[in-house]
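Listing of model-v6.txt; format and content: compact mmCIF, C-alpha atoms.
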```txt
# COMPACT_ATOMS: atom_id res chain seq x y z
CA MET A 8 0.00 0.00 0.00
CA SER A 9 1.63 3.25 -1.08
CA THR A 10 1.21 6.59 0.62
CA ILE A 11 0.61 9.86 -1.18
CA ILE A 12 1.86 12.86 0.77
CA SER A 13 1.20 16.49 -0.23
CA ILE A 14 3.55 19.13 1.08
CA HIS A 15 1.87 22.50 1.14
CA SER A 16 2.22 26.02 2.44
CA PHE A 17 -0.19 28.88 1.98
CA ARG A 18 2.60 31.33 1.27
CA GLY A 19 5.79 31.04 -0.75
CA GLY A 20 9.31 30.91 0.67
CA THR A 21 8.49 28.64 3.60
CA GLY A 22 11.00 25.96 2.52
CA LYS A 23 8.50 23.63 0.91
CA SER A 24 10.80 22.22 -1.78
CA ASN A 25 13.69 21.83 0.62
CA THR A 26 11.46 20.00 3.08
CA THR A 27 10.05 17.77 0.33
CA ALA A 28 13.55 16.84 -0.87
CA ASN A 29 14.68 16.10 2.69
CA ILE A 30 11.63 13.96 3.46
CA SER A 31 12.23 11.99 0.26
CA ALA A 32 15.89 11.45 1.15
CA LEU A 33 15.12 10.32 4.71
CA LEU A 34 12.47 7.89 3.45
CA ALA A 35 14.83 6.53 0.80
CA MET A 36 17.66 6.24 3.36
CA ASP A 37 15.38 3.73 5.10
CA GLY A 38 15.08 1.76 1.85
CA ALA A 39 11.81 3.13 0.45
CA ARG A 40 11.00 3.75 -3.21
CA VAL A 41 9.98 7.39 -3.34
CA GLY A 42 8.55 9.54 -6.12
CA VAL A 43 8.67 13.34 -6.00
CA VAL A 44 6.53 15.51 -8.28
CA ASP A 45 7.27 19.19 -8.74
CA THR A 46 3.83 20.68 -9.36
CA ASP A 47 5.09 24.22 -8.98
CA ILE A 48 4.91 24.56 -12.75
CA ALA A 49 5.14 28.34 -12.77
CA SER A 50 8.36 28.44 -10.73
CA PRO A 51 9.99 24.99 -10.63
CA GLY A 52 13.06 24.46 -8.49
CA ILE A 53 13.25 21.19 -6.61
CA HIS A 54 15.35 19.57 -9.39
CA VAL A 55 18.26 21.76 -8.22
CA LEU A 56 18.26 20.04 -4.82
CA PHE A 57 18.57 16.68 -6.56
CA ASN A 58 21.35 17.95 -8.84
CA LEU A 59 19.28 17.19 -11.92
CA ASP A 60 20.66 19.23 -14.78
CA GLU A 61 18.45 20.58 -17.56
CA SER A 62 20.43 18.52 -20.08
CA GLU A 63 19.39 15.33 -18.25
CA MET A 64 15.68 16.19 -18.34
CA VAL A 65 14.51 14.11 -21.27
CA HIS A 66 10.87 14.69 -20.38
CA SER A 67 9.14 16.83 -17.78
CA LEU A 68 5.74 17.02 -16.14
CA ASN A 69 4.78 19.54 -18.82
CA ASP A 70 5.35 16.91 -21.55
CA TYR A 71 3.07 14.51 -19.72
CA LEU A 72 0.34 17.17 -19.40
CA TRP A 73 0.60 17.88 -23.12
CA GLY A 74 0.34 14.17 -23.98
CA LYS A 75 3.92 13.92 -25.26
CA CYS A 76 4.96 11.16 -22.87
CA SER A 77 3.67 8.88 -20.15
CA ILE A 78 4.08 9.97 -16.54
CA GLU A 79 6.74 7.33 -15.85
CA GLU A 80 8.75 8.57 -18.83
CA ALA A 81 8.92 11.95 -17.09
CA ALA A 82 10.31 10.32 -13.94
CA HIS A 83 14.08 10.59 -13.51
CA ASP A 84 15.95 8.26 -11.18
CA VAL A 85 18.05 10.71 -9.16
CA THR A 86 19.26 8.20 -6.56
CA GLY A 87 22.77 8.15 -8.00
CA HIS A 88 23.03 11.93 -7.58
CA LEU A 89 22.66 11.74 -3.83
CA GLY A 90 25.31 9.42 -2.46
CA SER A 91 25.61 6.01 -0.89
CA GLU A 92 23.40 6.83 2.12
CA ILE A 93 20.33 6.20 -0.04
CA LYS A 94 19.36 2.53 0.21
CA GLY A 95 16.06 2.87 -1.65
CA GLN A 96 15.34 4.84 -4.81
CA ILE A 97 14.17 8.37 -5.58
CA PHE A 98 12.39 9.29 -8.80
CA LEU A 99 11.87 12.95 -9.59
CA ILE A 100 9.24 14.24 -11.99
CA PRO A 101 10.46 17.76 -12.63
CA SER A 102 8.55 20.63 -14.15
CA SER A 103 10.12 22.14 -17.23
CA ILE A 104 12.53 24.99 -16.66
CA LYS A 105 12.32 26.18 -20.26
CA ALA A 106 10.86 29.68 -20.34
CA GLY A 107 8.72 28.94 -23.41
CA GLU A 108 7.21 25.84 -21.83
CA ILE A 109 6.43 27.63 -18.58
CA ALA A 110 4.83 30.44 -20.57
CA ARG A 111 2.75 27.95 -22.56
CA ILE A 112 1.37 26.31 -19.42
CA LEU A 113 0.54 29.70 -17.93
CA ARG A 114 -1.11 30.80 -21.17
CA GLU A 115 -3.05 27.66 -22.06
CA GLY A 116 -3.59 26.04 -18.69
CA TYR A 117 -3.88 22.27 -18.32
CA ASP A 118 -6.27 19.63 -17.12
CA VAL A 119 -5.60 19.41 -13.40
CA GLY A 120 -7.46 16.12 -13.23
CA LEU A 121 -4.97 14.62 -15.65
CA LEU A 122 -2.21 15.65 -13.26
CA ASN A 123 -3.88 13.70 -10.48
CA ASP A 124 -4.52 10.68 -12.69
CA GLY A 125 -0.78 10.79 -13.34
CA PHE A 126 -0.02 10.64 -9.62
CA ARG A 127 -1.88 7.36 -9.31
CA ASP A 128 -0.36 5.93 -12.48
CA VAL A 129 3.19 6.67 -11.42
CA VAL A 130 2.66 5.12 -7.98
CA GLU A 131 1.50 1.93 -9.68
CA LYS A 132 4.00 1.80 -12.52
CA LEU A 133 7.11 2.63 -10.49
CA LYS A 134 5.89 0.55 -7.51
CA LEU A 135 6.39 3.47 -5.17
CA ASP A 136 6.12 3.24 -1.41
CA TYR A 137 5.65 7.00 -1.20
CA LEU A 138 4.73 9.75 -3.61
CA LEU A 139 5.53 13.28 -2.45
CA ILE A 140 3.72 16.17 -4.11
CA ASP A 141 5.53 19.49 -3.87
CA THR A 142 2.52 21.78 -4.37
CA HIS A 143 2.06 25.41 -5.38
CA PRO A 144 1.85 27.89 -2.56
CA GLY A 145 -1.68 29.14 -1.90
CA LEU A 146 -4.89 27.33 -2.68
CA ASN A 147 -6.00 26.49 -6.18
CA GLU A 148 -7.68 23.63 -7.98
CA GLU A 149 -4.47 21.58 -8.15
CA THR A 150 -3.91 21.88 -4.43
CA LEU A 151 -7.46 20.87 -3.58
CA LEU A 152 -7.16 17.86 -5.87
CA SER A 153 -3.80 16.87 -4.45
CA ILE A 154 -5.17 17.02 -0.91
CA ALA A 155 -8.28 15.12 -2.00
CA ILE A 156 -6.21 12.11 -3.06
CA SER A 157 -3.48 12.33 -0.42
CA ASN A 158 -3.20 10.05 2.59
CA ALA A 159 -1.18 12.65 4.44
CA LEU A 160 -0.67 16.39 4.27
CA VAL A 161 2.27 18.35 5.63
CA ILE A 162 1.48 22.05 6.08
CA ILE A 163 4.51 24.28 6.44
CA LEU A 164 4.40 27.72 8.00
CA ARG A 165 6.76 30.23 9.50
CA PRO A 166 6.07 32.05 12.76
CA ASP A 167 4.63 35.04 10.87
CA SER A 168 1.19 36.63 11.11
CA GLN A 169 0.55 36.36 7.37
CA ASP A 170 1.45 32.67 7.43
CA TYR A 171 -0.80 32.06 10.44
CA GLN A 172 -3.89 33.50 8.73
CA GLY A 173 -3.39 31.77 5.40
CA THR A 174 -2.60 28.46 7.03
CA ALA A 175 -5.95 28.54 8.82
CA VAL A 176 -7.63 28.41 5.40
CA THR A 177 -5.56 25.40 4.32
CA VAL A 178 -6.29 23.59 7.57
CA ASP A 179 -10.00 24.20 7.13
CA VAL A 180 -9.98 22.86 3.58
CA ALA A 181 -7.92 19.82 4.60
CA ARG A 182 -10.48 19.01 7.26
CA LYS A 183 -13.33 19.31 4.75
CA LEU A 184 -11.45 16.92 2.48
CA ASP A 185 -11.01 14.48 5.40
CA VAL A 186 -7.28 14.10 4.83
CA PRO A 187 -6.42 11.12 7.06
CA LYS A 188 -3.21 12.56 8.49
CA MET A 189 -2.40 16.25 8.78
CA LEU A 190 0.91 17.37 10.25
CA MET A 191 2.12 20.93 10.73
CA LEU A 192 5.76 21.88 10.32
CA VAL A 193 6.93 25.25 11.63
CA ASN A 194 10.03 26.28 9.74
CA LYS A 195 12.65 29.04 9.85
CA VAL A 196 11.99 29.93 13.46
CA PRO A 197 14.33 32.78 14.57
CA SER A 198 16.81 31.85 17.28
CA GLN A 199 15.32 34.24 19.85
CA PHE A 200 12.03 32.30 19.81
CA ASP A 201 11.37 29.48 22.25
CA LEU A 202 10.68 26.42 20.05
CA GLU A 203 8.34 24.81 22.57
CA ASP A 204 6.31 28.02 22.90
CA VAL A 205 5.95 28.15 19.13
CA ARG A 206 4.83 24.53 19.06
CA THR A 207 2.20 25.12 21.75
CA ARG A 208 0.90 28.24 20.06
CA VAL A 209 0.54 26.56 16.67
CA GLU A 210 -1.06 23.46 18.15
CA GLN A 211 -3.58 25.56 20.03
CA THR A 212 -4.30 27.82 17.06
CA TYR A 213 -5.06 25.01 14.63
CA ASP A 214 -5.93 22.15 16.97
CA ALA A 215 -3.54 20.06 14.89
CA THR A 216 -0.39 18.01 15.47
CA VAL A 217 2.87 19.89 15.07
CA ALA A 218 5.34 17.31 13.82
CA ALA A 219 8.40 19.53 14.21
CA VAL A 220 9.50 23.09 14.87
CA LEU A 221 12.66 23.81 12.92
CA PRO A 222 14.97 26.67 13.83
CA HIS A 223 16.39 29.02 11.25
CA SER A 224 19.65 27.45 10.12
CA ASP A 225 22.70 29.26 8.77
CA GLU A 226 24.01 25.92 7.50
CA MET A 227 20.83 25.50 5.43
CA MET A 228 21.23 29.01 4.00
CA ALA A 229 24.91 28.35 3.23
CA LEU A 230 24.04 25.09 1.50
CA ALA A 231 22.00 27.26 -0.88
CA SER A 232 20.05 24.36 -2.41
CA SER A 233 23.24 22.72 -3.65
CA GLY A 234 22.36 19.47 -1.93
CA ILE A 235 20.09 17.78 0.55
CA PHE A 236 20.54 18.99 4.10
CA ALA A 237 19.70 15.71 5.88
CA ILE A 238 22.41 13.91 3.91
CA ARG A 239 24.99 16.65 4.38
CA TYR A 240 24.25 17.27 8.09
CA PRO A 241 22.89 13.99 9.48
CA ASP A 242 23.39 14.98 13.14
CA HIS A 243 22.11 18.56 12.93
CA PRO A 244 19.08 19.45 15.14
CA MET A 245 17.21 20.36 11.99
CA THR A 246 17.77 16.90 10.54
CA LYS A 247 16.52 15.42 13.81
CA GLY A 248 13.35 17.52 13.45
CA LEU A 249 12.89 16.34 9.88
CA ARG A 250 13.49 12.75 10.99
CA SER A 251 10.75 13.16 13.59
CA LEU A 252 8.40 14.41 10.86
CA VAL A 253 9.25 11.39 8.69
CA ASP A 254 8.69 9.00 11.58
CA GLN A 255 5.24 10.49 12.12
CA LEU A 256 4.46 10.19 8.42
CA LYS A 257 5.45 6.53 8.51
CA ALA A 258 3.51 5.77 11.71
CA MET B 11 -33.90 11.34 9.14
CA SER B 12 -31.93 9.13 6.73
CA GLU B 13 -34.57 9.80 4.08
CA ASN B 14 -34.10 13.55 4.50
CA LEU B 15 -30.34 13.21 4.18
CA PHE B 16 -30.80 11.15 1.03
CA GLU B 17 -33.15 13.78 -0.46
CA LEU B 18 -30.66 16.51 0.43
CA ALA B 19 -27.82 14.58 -1.20
CA ILE B 20 -29.84 14.08 -4.39
CA GLN B 21 -30.80 17.75 -4.40
CA GLU B 22 -27.19 18.89 -4.03
CA LEU B 23 -25.96 16.57 -6.76
CA LYS B 24 -28.71 17.53 -9.19
CA ALA B 25 -28.03 21.21 -8.57
CA ARG B 26 -24.62 20.74 -10.19
CA THR B 27 -24.98 21.35 -13.89
CA GLU B 28 -21.38 20.55 -14.79
CA ASP B 29 -19.08 17.63 -14.10
CA ILE B 30 -18.23 17.09 -10.47
CA ARG B 31 -14.55 17.24 -9.57
CA PRO B 32 -13.02 15.80 -6.41
CA SER B 33 -12.49 19.31 -5.09
CA ASP B 34 -16.22 20.10 -5.48
CA VAL B 35 -16.89 17.57 -2.75
CA VAL B 36 -16.16 20.15 -0.03
CA LEU B 37 -19.41 21.87 -1.04
CA PHE B 38 -21.62 18.89 -0.18
CA SER B 39 -23.26 18.17 3.15
CA GLU B 40 -22.81 15.06 5.28
CA PRO B 41 -22.79 12.11 4.84
CA LEU B 42 -22.24 12.65 1.12
CA ARG B 43 -19.05 14.70 1.62
CA SER B 44 -17.27 12.16 3.83
CA ALA B 45 -18.39 9.21 1.73
CA LEU B 46 -17.14 10.82 -1.48
CA ASN B 47 -13.84 11.83 0.11
CA ALA B 48 -13.33 8.23 1.22
CA MET B 49 -14.19 6.77 -2.20
CA ILE B 50 -11.94 9.24 -4.03
CA ARG B 51 -9.00 8.18 -1.84
CA LEU B 52 -9.84 4.50 -2.35
CA ASN B 53 -9.92 5.06 -6.13
CA ARG B 54 -11.42 1.60 -6.79
CA PHE B 55 -14.41 0.55 -4.70
CA SER B 56 -17.70 -1.33 -4.73
CA LEU B 57 -21.30 -0.19 -4.35
CA THR B 58 -21.30 -2.02 -1.01
CA GLU B 59 -18.33 0.02 0.25
CA PHE B 60 -20.01 3.23 -0.89
CA GLN B 61 -23.23 2.18 0.83
CA GLU B 62 -21.39 1.41 4.08
CA LYS B 63 -20.02 4.95 4.11
CA LEU B 64 -23.28 6.64 3.16
CA GLU B 65 -25.46 4.48 5.38
CA PHE B 66 -28.33 4.80 2.87
CA THR B 67 -30.22 1.84 1.42
CA ARG B 68 -28.60 -0.02 -1.47
CA GLU B 69 -31.15 1.42 -3.89
CA GLU B 70 -30.60 4.97 -2.63
CA THR B 71 -26.83 4.49 -2.86
CA ARG B 72 -27.21 3.23 -6.41
CA GLN B 73 -29.24 6.32 -7.37
CA ILE B 74 -26.49 8.55 -6.03
CA ALA B 75 -23.78 6.53 -7.77
CA ASP B 76 -25.72 6.78 -11.05
CA ILE B 77 -25.72 10.58 -10.83
CA LEU B 78 -22.00 10.58 -10.05
CA VAL B 79 -21.37 8.41 -13.12
CA GLU B 80 -23.42 10.87 -15.21
CA ARG B 81 -21.43 13.76 -13.77
CA ASN B 82 -18.15 11.98 -14.50
CA LEU B 83 -16.87 11.66 -10.96
CA PHE B 84 -17.30 7.87 -11.02
CA THR B 85 -16.90 5.37 -13.84
CA VAL B 86 -18.34 1.87 -13.73
CA SER B 87 -15.53 -0.66 -13.69
CA LYS B 88 -15.35 -3.50 -16.20
CA PHE B 89 -15.02 -5.85 -13.23
CA SER B 90 -18.69 -5.25 -12.29
CA ASN B 91 -20.92 -8.32 -12.29
CA ASP B 92 -24.55 -9.25 -11.52
CA GLU B 93 -23.95 -9.28 -7.76
CA GLU B 94 -21.77 -6.23 -7.39
CA THR B 95 -21.05 -2.97 -9.16
CA PHE B 96 -17.49 -1.70 -8.94
CA TYR B 97 -16.49 1.89 -9.59
CA GLU B 98 -13.40 3.97 -10.09
CA SER B 99 -13.16 7.61 -9.09
CA ARG B 100 -12.34 9.85 -11.99
CA LEU B 101 -10.09 12.80 -11.41
CA SER B 102 -10.43 14.51 -14.76
CA ALA B 103 -13.46 16.58 -15.59
CA MET B 104 -13.05 16.87 -19.31
CA THR B 105 -16.30 18.69 -20.05
CA ARG B 106 -14.90 21.81 -18.46
CA PRO B 107 -12.95 24.09 -20.77
CA PHE B 108 -9.28 23.20 -20.64
CA SER B 109 -7.99 26.58 -19.56
CA ARG B 110 -10.92 27.82 -17.55
CA PRO B 111 -9.75 29.34 -14.30
CA PRO B 112 -11.30 27.79 -11.20
CA SER B 113 -13.73 30.65 -10.62
CA ASP B 114 -15.56 28.77 -7.88
CA ILE B 115 -12.44 28.21 -5.82
CA TRP B 116 -13.34 30.75 -3.12
CA LYS B 117 -16.87 29.41 -2.85
CA LYS B 118 -15.35 26.03 -2.03
CA ILE B 119 -13.06 27.52 0.56
CA ASN B 120 -15.71 29.72 2.19
```

What is this file in structure tokens?
Amino acid sequence: MSTIISIHSFRGGTGKSNTTANISALLAMDGARVGVVDTDIASPGIHVLFNLDESEMVHSLNDYLWGKCSIEEAAHDVTGHLGSEIKGQIFLIPSSIKAGEIARILREGYDVGLLNDGFRDVVEKLKLDYLLIDTHPGLNEETLLSIAISNALVIILRPDSQDYQGTAVTVDVARKLDVPKMLMLVNKVPSQFDLEDVRTRVEQTYDATVAAVLPHSDEMMALASSGIFAIRYPDHPMTKGLRSLVDQLKA
Amino acid sequence: MSENLFELAIQELKARTEDIRPSDVVLFSEPLRSALNAMIRLNRFSLTEFQEKLEFTREETRQIADILVERNLFTVSKFSNDEETFYESRLSAMTRPFSRPPSDIWKKIN
């Protein structure tokens, strides 16, 4: 039985792609077969974390949505890019980074249902244990559909008033869609904040489980998306927080 | 009570003039909303499983399933037989214009 996990934040810049890449790596380090889909078609980026170069992208999610390839043909095995710590496998379905292709999607739109059909197909065809959906920020049709088919939802927010308000909307929608497991992740918490206070406040505000509260990390900033944090810094407190999130997703 | 809930479910489904997408489900009342959410996550399911979630009679459940097939949220599976009807949830809603923006998105959220 495979698990579909959507990773969402109401606002941009919360560290959604970084978190998605780290979750995938931690799951694969335990031997799982993991798929990652970059549905942020307007501003793709997660491929950078997996060191997938544009020249290696034979097909992208855009090609699948335009009927040029099957969803599994758009999946790239990036396991070899990540090092020997990965015992399982990671397949990335990147969005195109070609300006013309991004513009075409924005201009013409696409069938969001087809995107979700693709999620189920790729789980089956690649025999995935987990499929991670790196969603767009905000709420749109794609996000609602992703949540509707997901077994688990990770909602990322920062300790910021704008994030708090927007996240309430996402939490409400997730409850209406009966998502079986909803976990909150508070990210980029400034060092002067008490992490336990932040956890309590978020839990009380949303009446939801906070899987981890992650401090702002200079090491993460310095890494600058050139690799996956949990692999590079396995003993860092942030990695421990991410590991706790993964354990709760697996439970 | 159950009869009223069934009537309400039928009313809500018939009020939709276009295809029903999985995200439209948030607009429906209980028990229809929860039952549809569960079936969409299952992807492949039987009339019996749908009935167990709805807690309507088999005939009432079938009437609802028929509307959902008409509205393209469900398709009848080829594995159906005389004793049991099997369905698959359908995520595409092809009768909507390809590039139409989701104008009802805020209604769903509100």

Original post:
So how many Å separate atom CA of Asn58 of chain A and atom CA of Lys105 of chain A, to one decimal?
Top reply: 16.7 Å

Original post:
Could you name the residues that touch Asp170 of chain A at 10 Å or less, counting only C-alpha atoms, but leaving out those on the same chain fewer than 5 positions away, as a list in words?
Top reply: Ser16, Phe17, Arg18, Gly19, Thr21, Ile163, Leu164, Arg165 and Ala175 of chain A

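Shortest separation to Gly52 of chain A among A:Lys23, A:Lys247, A:Lys75, A:Arg40 occurs at residue A:Lys23, atoms counted being all atoms listed in the file.
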
Subject >> chain A residues near chain B (12 Å cut-off, all atoms listed in the file) as a count of residues only >> reply: 53

**OP:** Neighbourhood query: residues within 12 Å of (6.7, 12.2, 11.9), file coordinates, counting all atoms listed in the file; return as a ChimeraX atom specification.
**Re:** /A:30,33-34,159-161,188-192,216-220,247-258

Excluding Gln73 of chain B and its own-chain neighbours fewer than 2 positions away, which residues fall within 12 Å of it when counting only C-alpha atoms? Please give them as a short mmCIF file (atom, residue, chain, number, x, y, z; two decimals) with C-alpha atoms, in the coordinates of the input.
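Everything below was put into out37.cif:
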```cif
data_model
loop_
_atom_site.label_atom_id
_atom_site.label_comp_id
_atom_site.auth_asym_id
_atom_site.auth_seq_id
_atom_site.Cartn_x
_atom_site.Cartn_y
_atom_site.Cartn_z
CA PHE B 16 -30.80 11.15 1.03
CA GLU B 17 -33.15 13.78 -0.46
CA ALA B 19 -27.82 14.58 -1.20
CA ILE B 20 -29.84 14.08 -4.39
CA GLN B 21 -30.80 17.75 -4.40
CA LEU B 23 -25.96 16.57 -6.76
CA LYS B 24 -28.71 17.53 -9.19
CA LEU B 57 -21.30 -0.19 -4.35
CA PHE B 60 -20.01 3.23 -0.89
CA GLN B 61 -23.23 2.18 0.83
CA PHE B 66 -28.33 4.80 2.87
CA THR B 67 -30.22 1.84 1.42
CA ARG B 68 -28.60 -0.02 -1.47
CA GLU B 69 -31.15 1.42 -3.89
CA GLU B 70 -30.60 4.97 -2.63
CA THR B 71 -26.83 4.49 -2.86
CA ALA B 75 -23.78 6.53 -7.77
CA ASP B 76 -25.72 6.78 -11.05
CA ILE B 77 -25.72 10.58 -10.83
CA LEU B 78 -22.00 10.58 -10.05
CA VAL B 79 -21.37 8.41 -13.12
CA GLU B 80 -23.42 10.87 -15.21
#
```

Original post:
Which distance in Å separates atom CA of Asn194 of chain A and atom CA of Phe98 of chain A, to one decimal?
Top reply: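 Those two atoms sit 25.3 Å apart.
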
Subject >> Two-atom distance - atom CA of Val205 of chain A, atom CA of Thr174 of chain A (Å) >> reply: 14.8 Å

Subject >> Residue nearest Gly38 of chain A among A:Thr86, A:Ser62, A:Ser103, A:Thr142 (counting only C-alpha atoms) >> reply: A:Thr86

Taking all atoms of segment 51-61 of chain B that the file lists, what box with edges along x, y and z, padded by 4 Å per side, do you get, with centre and edge lengths in Å to one decimal, as JSON?
```
{"center_x": -16.1, "center_y": 3.1, "center_z": -3.0, "size_x": 22.2, "size_y": 18.2, "size_z": 15.6}
```

Subject >> Within-7 Å shell of (14.9, 19.1, -13.3) in input frame, all atoms listed in the file, as a ChimeraX atom specification >> reply: /A:54-55,59-61,64,101-103

**OP:** Identify which of the residues B:Pro41, B:Arg81, B:Glu59, B:Arg72 lies closest to Ala25 of chain B, counting all atoms listed in the file when measuring atom-to-atom distances.
**Re:**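 Closest residue, counting all atoms listed in the file: B:Arg81.
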
Mind filling out segment 108-127 of chain A with N, CA and C atoms and sending it as a compact mmCIF listing (two decimals), in the coordinates of the input?
```txt
# COMPACT_ATOMS: atom_id res chain seq x y z
N GLU A 108 8.14 26.88 -22.30
CA GLU A 108 7.21 25.84 -21.83
C GLU A 108 6.44 26.30 -20.59
N ILE A 109 7.12 27.07 -19.75
CA ILE A 109 6.43 27.63 -18.58
C ILE A 109 5.37 28.62 -19.07
N ALA A 110 5.76 29.43 -20.03
CA ALA A 110 4.83 30.44 -20.57
C ALA A 110 3.62 29.76 -21.20
N ARG A 111 3.86 28.65 -21.90
CA ARG A 111 2.75 27.95 -22.56
C ARG A 111 1.74 27.41 -21.53
N ILE A 112 2.26 26.83 -20.47
CA ILE A 112 1.37 26.31 -19.42
C ILE A 112 0.57 27.45 -18.81
N LEU A 113 1.23 28.56 -18.56
CA LEU A 113 0.54 29.70 -17.93
C LEU A 113 -0.52 30.27 -18.88
N ARG A 114 -0.20 30.24 -20.16
CA ARG A 114 -1.11 30.80 -21.17
C ARG A 114 -2.29 29.88 -21.44
N GLU A 115 -2.00 28.59 -21.62
CA GLU A 115 -3.05 27.66 -22.06
C GLU A 115 -3.71 26.89 -20.93
N GLY A 116 -3.04 26.83 -19.78
CA GLY A 116 -3.59 26.04 -18.69
C GLY A 116 -3.41 24.55 -18.98
N TYR A 117 -3.95 23.71 -18.12
CA TYR A 117 -3.88 22.27 -18.32
C TYR A 117 -4.98 21.62 -17.51
N ASP A 118 -5.22 20.37 -17.82
CA ASP A 118 -6.27 19.63 -17.12
C ASP A 118 -5.72 19.14 -15.78
N VAL A 119 -6.16 19.77 -14.71
CA VAL A 119 -5.60 19.41 -13.40
C VAL A 119 -5.97 17.99 -12.99
N GLY A 120 -7.08 17.51 -13.52
CA GLY A 120 -7.46 16.12 -13.23
C GLY A 120 -6.46 15.15 -13.81
N LEU A 121 -5.97 15.47 -14.99
CA LEU A 121 -4.97 14.62 -15.65
C LEU A 121 -3.71 14.52 -14.78
N LEU A 122 -3.37 15.63 -14.15
CA LEU A 122 -2.21 15.65 -13.26
C LEU A 122 -2.41 14.62 -12.14
N ASN A 123 -3.61 14.61 -11.58
CA ASN A 123 -3.88 13.70 -10.48
C ASN A 123 -4.00 12.26 -10.94
N ASP A 124 -4.52 12.04 -12.13
CA ASP A 124 -4.52 10.68 -12.69
C ASP A 124 -3.08 10.19 -12.80
N GLY A 125 -2.20 11.12 -13.20
CA GLY A 125 -0.78 10.79 -13.34
C GLY A 125 -0.15 10.37 -12.03
N PHE A 126 -0.56 11.01 -10.94
CA PHE A 126 -0.02 10.64 -9.62
C PHE A 126 -0.28 9.16 -9.36
N ARG A 127 -1.52 8.75 -9.61
CA ARG A 127 -1.88 7.36 -9.31
C ARG A 127 -1.17 6.39 -10.24
```
